[in-house]
Structures are given as C-alpha cells and as structure tokens.
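What's in my_file-v4.pdb: PDB, N, CA and C atoms, pLDDT in the B column
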ATOM      1  N   MET A1150       0.850  -1.170   0.000  1.00 55.00           N
ATOM      2  CA  MET A1150       0.000   0.000   0.000  1.00 55.00           C
ATOM      3  C   MET A1150       0.898   1.236   0.000  1.00 55.00           C
ATOM      4  N   PRO A1151       0.638   2.199  -0.898  1.00 59.00           N
ATOM      5  CA  PRO A1151       1.483   3.390  -0.934  1.00 59.00           C
ATOM      6  C   PRO A1151       1.280   4.250   0.313  1.00 59.00           C
ATOM      7  N   ALA A1152       2.344   4.963   0.662  1.00 61.00           N
ATOM      8  CA  ALA A1152       2.269   5.868   1.811  1.00 61.00           C
ATOM      9  C   ALA A1152       1.361   7.038   1.476  1.00 61.00           C
ATOM     10  N   PRO A1153       0.650   7.558   2.471  1.00 55.00           N
ATOM     11  CA  PRO A1153      -0.217   8.708   2.214  1.00 55.00           C
ATOM     12  C   PRO A1153       0.596   9.942   1.863  1.00 55.00           C
ATOM     13  N   SER A1154       0.016  10.803   1.085  1.00 53.00           N
ATOM     14  CA  SER A1154       0.649  12.055   0.687  1.00 53.00           C
ATOM     15  C   SER A1154       0.824  12.954   1.906  1.00 53.00           C
ATOM     16  N   LYS A1155       1.860  13.802   1.876  1.00 73.00           N
ATOM     17  CA  LYS A1155       2.074  14.742   2.979  1.00 73.00           C
ATOM     18  C   LYS A1155       1.277  16.028   2.797  1.00 73.00           C
ATOM     19  N   SER A1156       0.727  16.229   1.616  1.00 80.00           N
ATOM     20  CA  SER A1156      -0.132  17.382   1.363  1.00 80.00           C
ATOM     21  C   SER A1156      -1.397  16.872   0.686  1.00 80.00           C
ATOM     22  N   PRO A1157      -2.439  17.705   0.608  1.00 76.00           N
ATOM     23  CA  PRO A1157      -3.668  17.222  -0.031  1.00 76.00           C
ATOM     24  C   PRO A1157      -3.407  16.674  -1.439  1.00 76.00           C
ATOM     25  N   VAL A1158      -4.083  15.592  -1.750  1.00 87.00           N
ATOM     26  CA  VAL A1158      -3.928  14.956  -3.056  1.00 87.00           C
ATOM     27  C   VAL A1158      -4.431  15.885  -4.154  1.00 87.00           C
ATOM     28  N   SER A1159      -5.527  16.561  -3.893  1.00 90.00           N
ATOM     29  CA  SER A1159      -6.125  17.467  -4.878  1.00 90.00           C
ATOM     30  C   SER A1159      -7.086  18.409  -4.158  1.00 90.00           C
ATOM     31  N   PRO A1160      -7.534  19.442  -4.840  1.00 92.00           N
ATOM     32  CA  PRO A1160      -8.567  20.288  -4.234  1.00 92.00           C
ATOM     33  C   PRO A1160      -9.825  19.491  -3.874  1.00 92.00           C
ATOM     34  N   ALA A1161     -10.136  18.472  -4.657  1.00 93.00           N
ATOM     35  CA  ALA A1161     -11.326  17.656  -4.382  1.00 93.00           C
ATOM     36  C   ALA A1161     -11.163  16.863  -3.090  1.00 93.00           C
ATOM     37  N   THR A1162      -9.991  16.256  -2.869  1.00 94.00           N
ATOM     38  CA  THR A1162      -9.794  15.498  -1.629  1.00 94.00           C
ATOM     39  C   THR A1162      -9.756  16.439  -0.426  1.00 94.00           C
ATOM     40  N   ARG A1163      -9.216  17.640  -0.627  1.00 95.00           N
ATOM     41  CA  ARG A1163      -9.192  18.629   0.457  1.00 95.00           C
ATOM     42  C   ARG A1163     -10.616  19.012   0.857  1.00 95.00           C
ATOM     43  N   GLU A1164     -11.467  19.278  -0.140  1.00 96.00           N
ATOM     44  CA  GLU A1164     -12.844  19.679   0.137  1.00 96.00           C
ATOM     45  C   GLU A1164     -13.647  18.514   0.702  1.00 96.00           C
ATOM     46  N   PHE A1165     -13.445  17.315   0.178  1.00 97.00           N
ATOM     47  CA  PHE A1165     -14.131  16.148   0.726  1.00 97.00           C
ATOM     48  C   PHE A1165     -13.784  16.003   2.208  1.00 97.00           C
ATOM     49  N   GLY A1166     -12.512  16.120   2.531  1.00 97.00           N
ATOM     50  CA  GLY A1166     -12.070  16.018   3.920  1.00 97.00           C
ATOM     51  C   GLY A1166     -12.670  17.100   4.800  1.00 97.00           C
ATOM     52  N   ARG A1167     -12.786  18.306   4.270  1.00 97.00           N
ATOM     53  CA  ARG A1167     -13.390  19.397   5.024  1.00 97.00           C
ATOM     54  C   ARG A1167     -14.846  19.068   5.347  1.00 97.00           C
ATOM     55  N   ARG A1168     -15.546  18.495   4.374  1.00 97.00           N
ATOM     56  CA  ARG A1168     -16.947  18.124   4.581  1.00 97.00           C
ATOM     57  C   ARG A1168     -17.090  17.009   5.614  1.00 97.00           C
ATOM     58  N   VAL A1169     -16.185  16.027   5.558  1.00 98.00           N
ATOM     59  CA  VAL A1169     -16.208  14.940   6.538  1.00 98.00           C
ATOM     60  C   VAL A1169     -15.958  15.508   7.934  1.00 98.00           C
ATOM     61  N   HIS A1170     -14.962  16.361   8.054  1.00 98.00           N
ATOM     62  CA  HIS A1170     -14.639  16.975   9.343  1.00 98.00           C
ATOM     63  C   HIS A1170     -15.830  17.779   9.876  1.00 98.00           C
ATOM     64  N   ALA A1171     -16.444  18.569   9.001  1.00 98.00           N
ATOM     65  CA  ALA A1171     -17.585  19.393   9.417  1.00 98.00           C
ATOM     66  C   ALA A1171     -18.735  18.525   9.912  1.00 98.00           C
ATOM     67  N   ARG A1172     -19.011  17.440   9.204  1.00 98.00           N
ATOM     68  CA  ARG A1172     -20.111  16.560   9.609  1.00 98.00           C
ATOM     69  C   ARG A1172     -19.785  15.865  10.932  1.00 98.00           C
ATOM     70  N   ARG A1173     -18.551  15.410  11.073  1.00 98.00           N
ATOM     71  CA  ARG A1173     -18.132  14.758  12.316  1.00 98.00           C
ATOM     72  C   ARG A1173     -18.275  15.724  13.494  1.00 98.00           C
ATOM     73  N   THR A1174     -17.839  16.949  13.288  1.00 98.00           N
ATOM     74  CA  THR A1174     -17.937  17.967  14.335  1.00 98.00           C
ATOM     75  C   THR A1174     -19.396  18.270  14.662  1.00 98.00           C
ATOM     76  N   GLU A1175     -20.220  18.348  13.622  1.00 98.00           N
ATOM     77  CA  GLU A1175     -21.662  18.588  13.805  1.00 98.00           C
ATOM     78  C   GLU A1175     -22.292  17.511  14.687  1.00 98.00           C
ATOM     79  N   LEU A1176     -21.812  16.288  14.542  1.00 98.00           N
ATOM     80  CA  LEU A1176     -22.338  15.167  15.331  1.00 98.00           C
ATOM     81  C   LEU A1176     -21.704  15.089  16.720  1.00 98.00           C
ATOM     82  N   GLY A1177     -20.698  15.909  16.966  1.00 97.00           N
ATOM     83  CA  GLY A1177     -20.037  15.908  18.267  1.00 97.00           C
ATOM     84  C   GLY A1177     -19.147  14.697  18.493  1.00 97.00           C
ATOM     85  N   LEU A1178     -18.590  14.158  17.414  1.00 98.00           N
ATOM     86  CA  LEU A1178     -17.753  12.959  17.518  1.00 98.00           C
ATOM     87  C   LEU A1178     -16.275  13.316  17.399  1.00 98.00           C
ATOM     88  N   ASN A1179     -15.433  12.614  18.166  1.00 97.00           N
ATOM     89  CA  ASN A1179     -14.005  12.741  17.926  1.00 97.00           C
ATOM     90  C   ASN A1179     -13.637  11.786  16.789  1.00 97.00           C
ATOM     91  N   GLN A1180     -12.403  11.894  16.289  1.00 97.00           N
ATOM     92  CA  GLN A1180     -12.007  11.050  15.158  1.00 97.00           C
ATOM     93  C   GLN A1180     -12.097   9.567  15.483  1.00 97.00           C
ATOM     94  N   GLU A1181     -11.702   9.204  16.676  1.00 97.00           N
ATOM     95  CA  GLU A1181     -11.716   7.785  17.040  1.00 97.00           C
ATOM     96  C   GLU A1181     -13.133   7.215  17.032  1.00 97.00           C
ATOM     97  N   LYS A1182     -14.073   7.906  17.629  1.00 98.00           N
ATOM     98  CA  LYS A1182     -15.463   7.432  17.674  1.00 98.00           C
ATOM     99  C   LYS A1182     -16.066   7.426  16.269  1.00 98.00           C
ATOM    100  N   ALA A1183     -15.800   8.474  15.487  1.00 98.00           N
ATOM    101  CA  ALA A1183     -16.327   8.529  14.118  1.00 98.00           C
ATOM    102  C   ALA A1183     -15.759   7.392  13.279  1.00 98.00           C
ATOM    103  N   ALA A1184     -14.479   7.150  13.399  1.00 98.00           N
ATOM    104  CA  ALA A1184     -13.847   6.076  12.635  1.00 98.00           C
ATOM    105  C   ALA A1184     -14.436   4.724  13.007  1.00 98.00           C
ATOM    106  N   GLU A1185     -14.690   4.534  14.291  1.00 98.00           N
ATOM    107  CA  GLU A1185     -15.312   3.291  14.753  1.00 98.00           C
ATOM    108  C   GLU A1185     -16.682   3.106  14.102  1.00 98.00           C
ATOM    109  N   ARG A1186     -17.465   4.178  14.064  1.00 98.00           N
ATOM    110  CA  ARG A1186     -18.787   4.110  13.437  1.00 98.00           C
ATOM    111  C   ARG A1186     -18.693   3.829  11.936  1.00 98.00           C
ATOM    112  N   CYS A1187     -17.601   4.294  11.317  1.00 97.00           N
ATOM    113  CA  CYS A1187     -17.413   4.105   9.871  1.00 97.00           C
ATOM    114  C   CYS A1187     -16.770   2.759   9.536  1.00 97.00           C
ATOM    115  N   GLY A1188     -16.230   2.077  10.531  1.00 97.00           N
ATOM    116  CA  GLY A1188     -15.533   0.815  10.281  1.00 97.00           C
ATOM    117  C   GLY A1188     -14.155   1.030   9.687  1.00 97.00           C
ATOM    118  N   LEU A1189     -13.532   2.151  10.050  1.00 97.00           N
ATOM    119  CA  LEU A1189     -12.203   2.503   9.546  1.00 97.00           C
ATOM    120  C   LEU A1189     -11.287   2.808  10.722  1.00 97.00           C
ATOM    121  N   HIS A1190      -9.993   2.831  10.479  1.00 97.00           N
ATOM    122  CA  HIS A1190      -9.038   3.195  11.529  1.00 97.00           C
ATOM    123  C   HIS A1190      -9.025   4.717  11.672  1.00 97.00           C
ATOM    124  N   TRP A1191      -8.851   5.194  12.907  1.00 97.00           N
ATOM    125  CA  TRP A1191      -8.916   6.643  13.142  1.00 97.00           C
ATOM    126  C   TRP A1191      -7.806   7.398  12.426  1.00 97.00           C
ATOM    127  N   THR A1192      -6.636   6.770  12.215  1.00 97.00           N
ATOM    128  CA  THR A1192      -5.569   7.475  11.488  1.00 97.00           C
ATOM    129  C   THR A1192      -5.944   7.650  10.018  1.00 97.00           C
ATOM    130  N   TYR A1193      -6.634   6.665   9.465  1.00 97.00           N
ATOM    131  CA  TYR A1193      -7.094   6.774   8.081  1.00 97.00           C
ATOM    132  C   TYR A1193      -8.105   7.912   7.962  1.00 97.00           C
ATOM    133  N   LEU A1194      -9.044   7.988   8.899  1.00 98.00           N
ATOM    134  CA  LEU A1194     -10.041   9.053   8.864  1.00 98.00           C
ATOM    135  C   LEU A1194      -9.366  10.422   8.985  1.00 98.00           C
ATOM    136  N   GLY A1195      -8.340  10.518   9.808  1.00 97.00           N
ATOM    137  CA  GLY A1195      -7.593  11.772   9.926  1.00 97.00           C
ATOM    138  C   GLY A1195      -6.935  12.162   8.606  1.00 97.00           C
ATOM    139  N   GLN A1196      -6.387  11.183   7.897  1.00 96.00           N
ATOM    140  CA  GLN A1196      -5.780  11.457   6.596  1.00 96.00           C
ATOM    141  C   GLN A1196      -6.831  11.896   5.587  1.00 96.00           C
ATOM    142  N   VAL A1197      -8.012  11.294   5.665  1.00 97.00           N
ATOM    143  CA  VAL A1197      -9.121  11.699   4.792  1.00 97.00           C
ATOM    144  C   VAL A1197      -9.475  13.152   5.074  1.00 97.00           C
ATOM    145  N   GLU A1198      -9.614  13.498   6.346  1.00 97.00           N
ATOM    146  CA  GLU A1198     -10.002  14.856   6.718  1.00 97.00           C
ATOM    147  C   GLU A1198      -8.966  15.891   6.281  1.00 97.00           C
ATOM    148  N   ARG A1199      -7.708  15.491   6.192  1.00 96.00           N
ATOM    149  CA  ARG A1199      -6.662  16.412   5.737  1.00 96.00           C
ATOM    150  C   ARG A1199      -6.479  16.386   4.222  1.00 96.00           C
ATOM    151  N   GLY A1200      -7.296  15.573   3.535  1.00 94.00           N
ATOM    152  CA  GLY A1200      -7.213  15.500   2.079  1.00 94.00           C
ATOM    153  C   GLY A1200      -6.041  14.696   1.570  1.00 94.00           C
ATOM    154  N   ARG A1201      -5.484  13.864   2.414  1.00 95.00           N
ATOM    155  CA  ARG A1201      -4.283  13.107   2.063  1.00 95.00           C
ATOM    156  C   ARG A1201      -4.569  11.707   1.541  1.00 95.00           C
ATOM    157  N   ARG A1202      -5.824  11.367   1.389  1.00 93.00           N
ATOM    158  CA  ARG A1202      -6.205  10.055   0.867  1.00 93.00           C
ATOM    159  C   ARG A1202      -7.139  10.206  -0.315  1.00 93.00           C
ATOM    160  N   ASN A1203      -6.888   9.419  -1.351  1.00 92.00           N
ATOM    161  CA  ASN A1203      -7.788   9.324  -2.490  1.00 92.00           C
ATOM    162  C   ASN A1203      -8.634   8.080  -2.233  1.00 92.00           C
ATOM    163  N   LEU A1204      -9.859   8.279  -1.836  1.00 94.00           N
ATOM    164  CA  LEU A1204     -10.705   7.202  -1.331  1.00 94.00           C
ATOM    165  C   LEU A1204     -11.298   6.324  -2.424  1.00 94.00           C
ATOM    166  N   THR A1205     -11.627   5.103  -2.037  1.00 95.00           N
ATOM    167  CA  THR A1205     -12.390   4.225  -2.907  1.00 95.00           C
ATOM    168  C   THR A1205     -13.875   4.497  -2.676  1.00 95.00           C
ATOM    169  N   LEU A1206     -14.679   4.066  -3.599  1.00 96.00           N
ATOM    170  CA  LEU A1206     -16.125   4.200  -3.450  1.00 96.00           C
ATOM    171  C   LEU A1206     -16.593   3.525  -2.168  1.00 96.00           C
ATOM    172  N   HIS A1207     -16.053   2.358  -1.864  1.00 97.00           N
ATOM    173  CA  HIS A1207     -16.471   1.631  -0.659  1.00 97.00           C
ATOM    174  C   HIS A1207     -16.224   2.450   0.602  1.00 97.00           C
ATOM    175  N   ASN A1208     -15.078   3.120   0.670  1.00 97.00           N
ATOM    176  CA  ASN A1208     -14.786   3.917   1.865  1.00 97.00           C
ATOM    177  C   ASN A1208     -15.621   5.188   1.920  1.00 97.00           C
ATOM    178  N   ILE A1209     -15.964   5.761   0.782  1.00 98.00           N
ATOM    179  CA  ILE A1209     -16.881   6.909   0.767  1.00 98.00           C
ATOM    180  C   ILE A1209     -18.232   6.469   1.331  1.00 98.00           C
ATOM    181  N   LEU A1210     -18.698   5.295   0.925  1.00 98.00           N
ATOM    182  CA  LEU A1210     -19.977   4.779   1.422  1.00 98.00           C
ATOM    183  C   LEU A1210     -19.917   4.493   2.921  1.00 98.00           C
ATOM    184  N   LYS A1211     -18.804   3.927   3.394  1.00 98.00           N
ATOM    185  CA  LYS A1211     -18.643   3.654   4.822  1.00 98.00           C
ATOM    186  C   LYS A1211     -18.663   4.949   5.636  1.00 98.00           C
ATOM    187  N   ILE A1212     -17.953   5.958   5.149  1.00 98.00           N
ATOM    188  CA  ILE A1212     -17.884   7.228   5.868  1.00 98.00           C
ATOM    189  C   ILE A1212     -19.258   7.880   5.913  1.00 98.00           C
ATOM    190  N   ALA A1213     -19.942   7.906   4.788  1.00 98.00           N
ATOM    191  CA  ALA A1213     -21.278   8.512   4.753  1.00 98.00           C
ATOM    192  C   ALA A1213     -22.215   7.797   5.726  1.00 98.00           C
ATOM    193  N   ALA A1214     -22.211   6.478   5.712  1.00 98.00           N
ATOM    194  CA  ALA A1214     -23.083   5.722   6.613  1.00 98.00           C
ATOM    195  C   ALA A1214     -22.720   5.974   8.067  1.00 98.00           C
ATOM    196  N   GLY A1215     -21.435   5.985   8.376  1.00 98.00           N
ATOM    197  CA  GLY A1215     -20.987   6.203   9.746  1.00 98.00           C
ATOM    198  C   GLY A1215     -21.305   7.592  10.266  1.00 98.00           C
ATOM    199  N   LEU A1216     -21.419   8.552   9.354  1.00 98.00           N
ATOM    200  CA  LEU A1216     -21.725   9.926   9.745  1.00 98.00           C
ATOM    201  C   LEU A1216     -23.192  10.277   9.508  1.00 98.00           C
ATOM    202  N   ASP A1217     -24.009   9.265   9.302  1.00 98.00           N
ATOM    203  CA  ASP A1217     -25.457   9.450   9.128  1.00 98.00           C
ATOM    204  C   ASP A1217     -25.795  10.495   8.064  1.00 98.00           C
ATOM    205  N   THR A1218     -25.170  10.330   6.914  1.00 97.00           N
ATOM    206  CA  THR A1218     -25.462  11.218   5.783  1.00 97.00           C
ATOM    207  C   THR A1218     -25.459  10.383   4.518  1.00 97.00           C
ATOM    208  N   VAL A1219     -25.777  11.003   3.407  1.00 97.00           N
ATOM    209  CA  VAL A1219     -25.741  10.309   2.124  1.00 97.00           C
ATOM    210  C   VAL A1219     -24.444  10.675   1.415  1.00 97.00           C
ATOM    211  N   PRO A1220     -23.881   9.766   0.630  1.00 97.00           N
ATOM    212  CA  PRO A1220     -22.625  10.050  -0.049  1.00 97.00           C
ATOM    213  C   PRO A1220     -22.665  11.330  -0.894  1.00 97.00           C
ATOM    214  N   GLY A1221     -23.818  11.607  -1.487  1.00 96.00           N
ATOM    215  CA  GLY A1221     -23.940  12.801  -2.317  1.00 96.00           C
ATOM    216  C   GLY A1221     -23.636  14.083  -1.574  1.00 96.00           C
ATOM    217  N   GLU A1222     -23.965  14.136  -0.283  1.00 96.00           N
ATOM    218  CA  GLU A1222     -23.673  15.331   0.517  1.00 96.00           C
ATOM    219  C   GLU A1222     -22.169  15.562   0.625  1.00 96.00           C
ATOM    220  N   LEU A1223     -21.406  14.497   0.585  1.00 97.00           N
ATOM    221  CA  LEU A1223     -19.960  14.610   0.722  1.00 97.00           C
ATOM    222  C   LEU A1223     -19.251  14.874  -0.605  1.00 97.00           C
ATOM    223  N   VAL A1224     -19.864  14.474  -1.719  1.00 96.00           N
ATOM    224  CA  VAL A1224     -19.170  14.592  -3.010  1.00 96.00           C
ATOM    225  C   VAL A1224     -19.811  15.572  -3.992  1.00 96.00           C
ATOM    226  N   ASP A1225     -21.008  16.043  -3.703  1.00 96.00           N
ATOM    227  CA  ASP A1225     -21.707  16.927  -4.639  1.00 96.00           C
ATOM    228  C   ASP A1225     -20.879  18.164  -4.960  1.00 96.00           C
ATOM    229  N   GLY A1226     -20.689  18.406  -6.242  1.00 95.00           N
ATOM    230  CA  GLY A1226     -20.028  19.620  -6.708  1.00 95.00           C
ATOM    231  C   GLY A1226     -18.516  19.613  -6.644  1.00 95.00           C
ATOM    232  N   LEU A1227     -17.896  18.502  -6.247  1.00 94.00           N
ATOM    233  CA  LEU A1227     -16.440  18.472  -6.222  1.00 94.00           C
ATOM    234  C   LEU A1227     -15.887  18.550  -7.640  1.00 94.00           C
ATOM    235  N   GLU A1228     -14.799  19.272  -7.799  1.00 91.00           N
ATOM    236  CA  GLU A1228     -14.183  19.416  -9.111  1.00 91.00           C
ATOM    237  C   GLU A1228     -13.434  18.153  -9.502  1.00 91.00           C
ATOM    238  N   VAL A1229     -13.530  17.803 -10.762  1.00 88.00           N
ATOM    239  CA  VAL A1229     -12.793  16.661 -11.289  1.00 88.00           C
ATOM    240  C   VAL A1229     -11.322  17.062 -11.376  1.00 88.00           C
ATOM    241  N   PRO A1230     -10.435  16.273 -10.753  1.00 80.00           N
ATOM    242  CA  PRO A1230      -9.007  16.622 -10.780  1.00 80.00           C
ATOM    243  C   PRO A1230      -8.436  16.548 -12.191  1.00 80.00           C
ATOM    244  N   ALA A1231      -7.548  17.466 -12.495  1.00 80.00           N
ATOM    245  CA  ALA A1231      -6.843  17.439 -13.774  1.00 80.00           C
ATOM    246  C   ALA A1231      -5.671  16.469 -13.641  1.00 80.00           C
ATOM    247  N   ASP A1232      -5.474  15.642 -14.642  1.00 67.00           N
ATOM    248  CA  ASP A1232      -4.358  14.675 -14.579  1.00 67.00           C
ATOM    249  C   ASP A1232      -3.094  15.248 -15.106  1.00 67.00           C
TER     250      ASP A1232
END

Representation of the structure as structure tokens:
Amino acid sequence: MPAPSKSPVSPATREFGRRVHARRTELGLNQEKAAERCGLHWTYLGQVERGRRNLTLHNILKIAAGLDTVPGELVDGLEVPAD
C-alpha cells in the first residue's frame, strides 16, 4: 500500500475532507469514535479529513453511513481533478 501524501492529493480530496470533518464535528464525535462508526481506523479518517487520501467508493460509502449522511452530501459539486 502506498504511503499517504504529505499534502492534499487534490482540491477535491481537500474539500471532501473538510466536509467529513464538518459533519463529524456537527455530530459531536471525535475522530476515534467517528472512525469506529465508519468501520475505519482513526488514522485513516484523519488522513481523509486532511485531504491526504484518495478514497475508494467503498470507503466513501462507509464514511457517509458512519456519519449518518448520504454520499452525495460529501461529493456533490467536487471538481474533477486534472491529470
């Protein structure tokens, strides 16, 4: 497995992470409790929140379910990264 990036992967991952963080905060959860609800490790969730992970569809679905939201709320309007 490749090491996570030290800076955001893209503007889209940065914004996705901001949305995850905002929702987690809205629910009053710390990273560890939120990660537990999502079925992910808390360090992975922290990397997501900092935009340092390019997520799979499965993990987007896990995060949305764990944060009691729909995936569309987390991804709607994100810019497609330029290659």

Write out as a short mmCIF file (atom, residue, chain, number, x, y, z; two decimals) with N, CA and C atoms, keeping the file's coordinate frame which residues come within 8 Å of A:Val1169 when counting only N, CA and C atoms, dropping same-chain ones fewer than 3 positions away.
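Everything below was put into around_3.cif:
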data_model
loop_
_atom_site.label_atom_id
_atom_site.label_comp_id
_atom_site.auth_asym_id
_atom_site.auth_seq_id
_atom_site.Cartn_x
_atom_site.Cartn_y
_atom_site.Cartn_z
N ARG A 1163 -9.22 17.64 -0.63
CA ARG A 1163 -9.19 18.63 0.46
C ARG A 1163 -10.62 19.01 0.86
N GLU A 1164 -11.47 19.28 -0.14
CA GLU A 1164 -12.84 19.68 0.14
C GLU A 1164 -13.65 18.51 0.70
N PHE A 1165 -13.44 17.32 0.18
CA PHE A 1165 -14.13 16.15 0.73
C PHE A 1165 -13.78 16.00 2.21
N GLY A 1166 -12.51 16.12 2.53
CA GLY A 1166 -12.07 16.02 3.92
C GLY A 1166 -12.67 17.10 4.80
N ARG A 1172 -19.01 17.44 9.20
CA ARG A 1172 -20.11 16.56 9.61
C ARG A 1172 -19.78 15.86 10.93
N ARG A 1173 -18.55 15.41 11.07
CA ARG A 1173 -18.13 14.76 12.32
C ARG A 1173 -18.27 15.72 13.49
N THR A 1174 -17.84 16.95 13.29
CA THR A 1174 -17.94 17.97 14.34
C THR A 1174 -19.40 18.27 14.66
N GLU A 1175 -20.22 18.35 13.62
CA GLU A 1175 -21.66 18.59 13.80
C GLU A 1175 -22.29 17.51 14.69
N VAL A 1197 -8.01 11.29 5.66
CA VAL A 1197 -9.12 11.70 4.79
C VAL A 1197 -9.48 13.15 5.07
N GLU A 1198 -9.61 13.50 6.35
CA GLU A 1198 -10.00 14.86 6.72
C GLU A 1198 -8.97 15.89 6.28
N ILE A 1212 -17.95 5.96 5.15
CA ILE A 1212 -17.88 7.23 5.87
C ILE A 1212 -19.26 7.88 5.91
N GLU A 1222 -23.96 14.14 -0.28
CA GLU A 1222 -23.67 15.33 0.52
C GLU A 1222 -22.17 15.56 0.62
N LEU A 1223 -21.41 14.50 0.58
CA LEU A 1223 -19.96 14.61 0.72
C LEU A 1223 -19.25 14.87 -0.60
#

Check your understanding: Can you tell me how far atom N of A:Ala1183 sits from atom C of A:His1170, in Å to one decimal?
Key ->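 Between atom N of A:Ala1183 and atom C of A:His1170 the gap is 10.9 Å.
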
Practice item. Would you list the contacts of A:Arg1202 as a VMD selection string, taking every protein, DNA or RNA residue within 8 Å and counting only N, CA and C atoms, but skipping same-chain residues closer than 2 positions in sequence? Key: chain A and resid 1153 to 1154 1156 to 1159 1162 to 1163 1193 1195 to 1200 1204 to 1205

Check your understanding: atom CA of A:Ala1214 and atom CA of A:Thr1192 are how many Å apart?
Key -> 18.3 Å

Exercise for review: Take atom CA of A:Ala1161 and atom CA of A:Val1224 and report the distance between them in Å, one decimal.
Suggested key: 8.5 Å

Check your understanding: Which of these, A:Lys1182, A:Gly1177, A:Pro1160, A:Gly1188, has the shortest distance to A:Lys1211 once you count all atoms listed in the file?
Key -> A:Gly1188
